[in-house]
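Asker: Have a look at this one before I ask anything.
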Amino acid sequence: MSELESIARAIVAPGKGILAADESSPTIKKRFDSIQVESTEDNRRAYRQMLFAAAGAEQHISGVILFDETLRQSTDDGTPFPKLLAERGILPGIKVDKGAKDLAGAAGEKITEGLDGLRDRVAEYAGLGAKFAKWRAVIDIAEAIPSDYCLEANAHALARYAALCLEGGIVPIVEPEVLMDGGHDLQRCYEVTERTLCRTFGALYAQRVPPEQIVLKPNMILPGKKSSKQASVREVAEATLHCFRRCVPAAVPGIVFLSGGQSEQEATAHLNEMNKLGGGPWELSFSYGRALQASALQAWGGRAENLAAGQKTFLHRAKCNGAARSGSWTEAMEKVA
Ligand code: 5MM
């Protein structure tokens with residue numbers, strides 16, 4: 001097995017998943033605003049240190065996605081964050097995209113930028129200890145969108161990014177996110193996700209990206225947040241597995257779902273149900289941002305005296321999602337906490 005494939009397989013090791021802590025500066029400011037904490041460089045460092053240093057996290061966390069600033073930061077005692085993670089057996093990863101911008105000629109649609117200079121940035125990140133990278137494409141659903149143009153442009157960029165990462169020796173996490181904003185139903189999310197994934201894998205194939213060396217980070221198949229027709233946990237799990245069996249090559253080692261605005265418990269319950277149903281050729285795991293951090297952020301509240309409480313809350317979510325990897329999470333686990 002190539003080194004890249006073994007990194008991809010380590011990312012989706014049984015019982016573990018990814019902590020997405022790669023919030024860009026505007027996003028982390030929004031998160032800190034919600035707890036009335038100023039988004040200074042040192043507050044961001046203290047918060048991330050709380051998560052990365054939580055003892056035992058390595059039992060359920062295989063990798064952490066970092067933002068450029070965080071990859072270059074260190075703990076209070078001067079240990080660089082990538083070193084801290086690597087010493088505990090957690091793979092450091094890096095967000096390399098430059099964000100979703102308006103797509104010219106396509107009102108309401110986005111294209112993710114960041115390809116210019118990416119070869120050099122990948123080389124630098126690999127030197128700083130990154131073992132994998134992440135690039136997120138954003139697909140919105142409304143009556144007349146997404147257009148084929150938007151899906152093609154984003155799939156092409158994802159594949160170019162993936163090829164450059166592999167050339168530079170790091171594993172690409174390919175993240176085409178179909179947003180759950182809006183009033184669409186589950187079936188509409190299924191159709192758009194199917195179109196998105198088929199195009200993404202077509203572009204990866206055209207650009208000679210071996211599926212064994214990537215990890216896919218998609219949305220689950222969910223009704224929009226404003227939909228009047230919500231779906232049961234079982235319906236979400238069945239629709240998601242049905243869609244992914246159609247579109248994702250069996251050679252891909254694993255699928256790490258994003259939470260996308262679900263509550264912490266919903267994200268865990270959906271992953272758990274998919275693993276209970278099973279039967280897919282890939283590992284089904286998590287790469288959650290909000291669904292691993294929301295309650296830990298609240299518990300911390302920006303206060304040094306709450307660091308232990310923040311870590312305990314984060315470890316609880318990591319443990320629940322670790323259990324969801326084998327379909328062994330139960331609601332009782334939440335009540336005990
Ligand atoms: C952690 O949030 C990531 C960064 O977002 P921005 O670039 O917008 O600041 C985001 O890409 C994240 O990795 C995924 O959306 C998954 O996070 P959620 O919260 O949806 O699980």
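Going by the structure tokens order, chains are called A, B, ..., each with residues numbered from 1, while ligands are numbered from 1 in the order shown.
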Near range 279-289 of chain A, counting only C-alpha atoms, which residues have an atom at most 9 Å away, once you skip same-chain residues fewer than 2 positions from it, shown as a ChimeraX atom specification?
Answerer: /A:9,12-23,63-65,217,241,244-245,249-260,267-268,271,274-275,277,291-294,321-322,324-326
Asker: Considering only C-alpha atoms, return as a PyMOL selection string whatever protein or nucleic-acid residues lie within 9 Å of Ala157 in chain A, sequence-local ones (same chain, fewer than 4 positions apart) excluded.
Answerer: chain A and resi 111-115+137+152-153+161-162+203
Asker: Please, could you write that set of residues out with C-alpha atoms as a compact mmCIF listing (two decimals), in the first residue's frame?
Answerer:
# COMPACT_ATOMS: atom_id res chain seq x y z
CA ILE A 111 -16.81 28.87 -6.72
CA THR A 112 -14.03 28.03 -4.29
CA GLU A 113 -10.76 29.83 -4.95
CA GLY A 114 -7.18 29.01 -3.99
CA LEU A 115 -5.50 27.12 -6.85
CA ALA A 137 -16.83 23.52 -2.43
CA GLU A 152 -18.63 21.51 -13.24
CA ALA A 153 -16.54 24.50 -12.13
CA TYR A 161 -6.59 20.68 -5.77
CA ALA A 162 -6.56 16.92 -5.12
CA ALA A 203 -13.40 15.23 -12.61
Asker: List as a list in words the protein and nucleic acid residues near Glu5 in chain A, meaning an atom at most 12 Å away when only C-alpha atoms are counted, but skip any in the same chain fewer than 3 places from it.
Answerer: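 So the residues in contact are Met1, Ser2, Ala8, Arg9, Ala10, Ile11, Val12, Lys131, Phe132, Leu166, Gly169, Ile170, Val171, Pro172, Val209, Pro210, Pro211, Glu212, Gln213, Ile214, Val215, Ala251, Val252, Pro253 and Gly254 of chain A.
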Asker: Those same residues - N, CA and C atoms - I'd like them written as a PDB file, in the first residue's frame.
Answerer:
ATOM      1  N   MET A   1       0.854  -1.204   0.000  1.00  0.00           N
ATOM      2  CA  MET A   1       0.000   0.000   0.000  1.00  0.00           C
ATOM      3  C   MET A   1       0.885   1.248   0.000  1.00  0.00           C
ATOM      4  N   SER A   2       0.538   2.252  -0.807  1.00  0.00           N
ATOM      5  CA  SER A   2       1.344   3.473  -0.849  1.00  0.00           C
ATOM      6  C   SER A   2       1.207   4.231   0.472  1.00  0.00           C
ATOM      7  N   ALA A   8      -4.598   7.907   4.200  1.00  0.00           N
ATOM      8  CA  ALA A   8      -6.059   7.990   3.997  1.00  0.00           C
ATOM      9  C   ALA A   8      -6.764   6.957   4.873  1.00  0.00           C
ATOM     10  N   ARG A   9      -6.188   5.764   4.978  1.00  0.00           N
ATOM     11  CA  ARG A   9      -6.825   4.717   5.796  1.00  0.00           C
ATOM     12  C   ARG A   9      -6.717   5.047   7.290  1.00  0.00           C
ATOM     13  N   ALA A  10      -5.607   5.685   7.701  1.00  0.00           N
ATOM     14  CA  ALA A  10      -5.458   6.066   9.123  1.00  0.00           C
ATOM     15  C   ALA A  10      -6.490   7.145   9.495  1.00  0.00           C
ATOM     16  N   ILE A  11      -6.812   8.014   8.539  1.00  0.00           N
ATOM     17  CA  ILE A  11      -7.806   9.072   8.807  1.00  0.00           C
ATOM     18  C   ILE A  11      -9.158   8.442   9.154  1.00  0.00           C
ATOM     19  N   VAL A  12      -9.462   7.316   8.506  1.00  0.00           N
ATOM     20  CA  VAL A  12     -10.771   6.678   8.744  1.00  0.00           C
ATOM     21  C   VAL A  12     -10.628   5.387   9.566  1.00  0.00           C
ATOM     22  N   LYS A 131      -0.228  16.332   7.126  1.00  0.00           N
ATOM     23  CA  LYS A 131      -0.295  15.025   6.446  1.00  0.00           C
ATOM     24  C   LYS A 131      -1.458  14.961   5.472  1.00  0.00           C
ATOM     25  N   PHE A 132      -2.421  15.858   5.677  1.00  0.00           N
ATOM     26  CA  PHE A 132      -3.572  15.877   4.755  1.00  0.00           C
ATOM     27  C   PHE A 132      -4.079  17.308   4.634  1.00  0.00           C
ATOM     28  N   LEU A 166      -1.655  15.401  -3.883  1.00  0.00           N
ATOM     29  CA  LEU A 166      -1.016  14.082  -4.014  1.00  0.00           C
ATOM     30  C   LEU A 166       0.404  14.234  -4.545  1.00  0.00           C
ATOM     31  N   GLY A 169       2.597  15.047  -1.779  1.00  0.00           N
ATOM     32  CA  GLY A 169       2.750  14.046  -0.722  1.00  0.00           C
ATOM     33  C   GLY A 169       1.780  14.173   0.431  1.00  0.00           C
ATOM     34  N   ILE A 170       0.654  14.892   0.219  1.00  0.00           N
ATOM     35  CA  ILE A 170      -0.346  14.914   1.295  1.00  0.00           C
ATOM     36  C   ILE A 170      -1.711  14.465   0.750  1.00  0.00           C
ATOM     37  N   VAL A 171      -2.503  13.892   1.638  1.00  0.00           N
ATOM     38  CA  VAL A 171      -3.789  13.299   1.227  1.00  0.00           C
ATOM     39  C   VAL A 171      -4.853  14.395   1.121  1.00  0.00           C
ATOM     40  N   PRO A 172      -5.566  14.467   0.006  1.00  0.00           N
ATOM     41  CA  PRO A 172      -6.626  15.473  -0.109  1.00  0.00           C
ATOM     42  C   PRO A 172      -7.962  14.985   0.443  1.00  0.00           C
ATOM     43  N   VAL A 209      -6.657  11.266 -10.431  1.00  0.00           N
ATOM     44  CA  VAL A 209      -6.546  11.178  -8.974  1.00  0.00           C
ATOM     45  C   VAL A 209      -6.984   9.770  -8.547  1.00  0.00           C
ATOM     46  N   PRO A 210      -6.081   8.970  -7.967  1.00  0.00           N
ATOM     47  CA  PRO A 210      -6.473   7.617  -7.563  1.00  0.00           C
ATOM     48  C   PRO A 210      -7.464   7.668  -6.394  1.00  0.00           C
ATOM     49  N   PRO A 211      -8.629   7.049  -6.520  1.00  0.00           N
ATOM     50  CA  PRO A 211      -9.630   7.120  -5.436  1.00  0.00           C
ATOM     51  C   PRO A 211      -9.130   6.521  -4.122  1.00  0.00           C
ATOM     52  N   GLU A 212      -8.146   5.621  -4.194  1.00  0.00           N
ATOM     53  CA  GLU A 212      -7.599   4.996  -2.965  1.00  0.00           C
ATOM     54  C   GLU A 212      -6.882   6.018  -2.095  1.00  0.00           C
ATOM     55  N   GLN A 213      -6.506   7.160  -2.675  1.00  0.00           N
ATOM     56  CA  GLN A 213      -5.645   8.101  -1.943  1.00  0.00           C
ATOM     57  C   GLN A 213      -6.373   9.360  -1.484  1.00  0.00           C
ATOM     58  N   ILE A 214      -7.696   9.330  -1.549  1.00  0.00           N
ATOM     59  CA  ILE A 214      -8.452  10.493  -1.080  1.00  0.00           C
ATOM     60  C   ILE A 214      -9.415  10.080   0.031  1.00  0.00           C
ATOM     61  N   VAL A 215      -9.954  11.084   0.696  1.00  0.00           N
ATOM     62  CA  VAL A 215     -11.073  10.871   1.611  1.00  0.00           C
ATOM     63  C   VAL A 215     -12.158  11.853   1.183  1.00  0.00           C
ATOM     64  N   ALA A 251     -13.352   1.980  -4.123  1.00  0.00           N
ATOM     65  CA  ALA A 251     -11.927   2.098  -3.791  1.00  0.00           C
ATOM     66  C   ALA A 251     -11.636   3.257  -2.834  1.00  0.00           C
ATOM     67  N   VAL A 252     -12.568   4.180  -2.671  1.00  0.00           N
ATOM     68  CA  VAL A 252     -12.354   5.290  -1.715  1.00  0.00           C
ATOM     69  C   VAL A 252     -12.341   4.691  -0.306  1.00  0.00           C
ATOM     70  N   PRO A 253     -11.267   4.937   0.485  1.00  0.00           N
ATOM     71  CA  PRO A 253     -11.195   4.298   1.804  1.00  0.00           C
ATOM     72  C   PRO A 253     -12.323   4.703   2.754  1.00  0.00           C
ATOM     73  N   GLY A 254     -12.712   5.978   2.698  1.00  0.00           N
ATOM     74  CA  GLY A 254     -13.720   6.370   3.675  1.00  0.00           C
ATOM     75  C   GLY A 254     -14.437   7.660   3.330  1.00  0.00           C
TER      76      GLY A 254
END
Asker: List the spatial neighbours of Thr313 in chain A as an MDAnalysis selection string - criterion: any atom at most 8 Å away, only C-alpha atoms, same-chain residues fewer than 2 positions off excluded.
Answerer: chainID A and resid 295:296 299 309:311 315:317
Asker: Of the candidates A:Leu151, A:Leu164, A:Leu179, A:Ala54, which shows the shortest atom-to-atom distance to ligand 1, using only C-alpha atoms and all ligand atoms?
Answerer: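 So, comparing all the options, the nearest one is A:Leu179.
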Asker: What's the 10 Å shell around Gly108 in chain A, counting only C-alpha atoms, without same-chain residues fewer than 6 positions away, as a tab-separated table (two decimals) with all heavy atoms, in the first residue's frame?
Answerer:
chain	number	residue	atom	x	y	z
A	102	ASP	N	-18.22	34.58	-5.26
A	102	ASP	CA	-19.28	34.57	-6.28
A	102	ASP	C	-18.76	34.01	-7.59
A	102	ASP	O	-17.66	34.36	-8.04
A	102	ASP	CB	-19.80	36.01	-6.50
A	102	ASP	CG	-20.58	36.51	-5.30
A	102	ASP	OD1	-21.01	35.66	-4.47
A	102	ASP	OD2	-20.77	37.73	-5.18
A	139	ILE	N	-22.25	24.24	-2.49
A	139	ILE	CA	-23.34	24.15	-3.48
A	139	ILE	C	-24.65	24.49	-2.78
A	139	ILE	O	-25.04	23.81	-1.82
A	139	ILE	CB	-23.45	22.71	-4.07
A	139	ILE	CG1	-22.08	22.18	-4.55
A	139	ILE	CG2	-24.52	22.64	-5.15
A	139	ILE	CD1	-21.46	22.94	-5.69
A	140	ASP	N	-25.30	25.54	-3.27
A	140	ASP	CA	-26.56	25.96	-2.65
A	140	ASP	C	-27.74	25.41	-3.46
A	140	ASP	O	-27.63	25.28	-4.69
A	140	ASP	CB	-26.60	27.50	-2.61
A	140	ASP	CG	-27.44	28.01	-1.45
A	140	ASP	OD1	-28.12	27.20	-0.79
A	140	ASP	OD2	-27.41	29.23	-1.19
A	141	ILE	N	-28.85	25.15	-2.79
A	141	ILE	CA	-30.05	24.68	-3.49
A	141	ILE	C	-31.12	25.77	-3.46
A	141	ILE	O	-31.41	26.31	-2.39
A	141	ILE	CB	-30.64	23.41	-2.82
A	141	ILE	CG1	-29.63	22.26	-2.81
A	141	ILE	CG2	-31.92	22.98	-3.55
A	141	ILE	CD1	-30.18	20.96	-2.23
A	142	ALA	N	-31.65	26.11	-4.63
A	142	ALA	CA	-32.86	26.94	-4.73
A	142	ALA	C	-33.59	26.45	-5.97
A	142	ALA	O	-33.16	25.47	-6.60
A	142	ALA	CB	-32.49	28.42	-4.81
A	144	ALA	N	-33.84	27.36	-9.11
A	144	ALA	CA	-33.14	27.23	-10.40
A	144	ALA	C	-31.66	26.89	-10.24
A	144	ALA	O	-30.91	26.91	-11.22
A	144	ALA	CB	-33.30	28.53	-11.18
A	145	ILE	N	-31.21	26.64	-9.03
A	145	ILE	CA	-29.80	26.28	-8.83
A	145	ILE	C	-29.71	25.02	-7.96
A	145	ILE	O	-30.66	24.74	-7.22
A	145	ILE	CB	-28.98	27.44	-8.20
A	145	ILE	CG1	-29.55	27.83	-6.82
A	145	ILE	CG2	-28.92	28.62	-9.11
A	145	ILE	CD1	-28.65	28.81	-6.04
A	146	PRO	N	-28.60	24.26	-8.08
A	146	PRO	CA	-27.36	24.59	-8.77
A	146	PRO	C	-27.42	24.34	-10.28
A	146	PRO	O	-28.09	23.43	-10.73
A	146	PRO	CB	-26.34	23.64	-8.13
A	146	PRO	CG	-27.16	22.44	-7.75
A	146	PRO	CD	-28.49	22.98	-7.33
Asker: Please determine, counting only C-alpha atoms and all ligand atoms, which residue among A:Ile173, A:Val233, A:Leu71, A:Val122 has the shortest atom-to-atom distance to ligand 1.
Answerer: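 That would be A:Ile173, the residue with the smallest distance to ligand 1.
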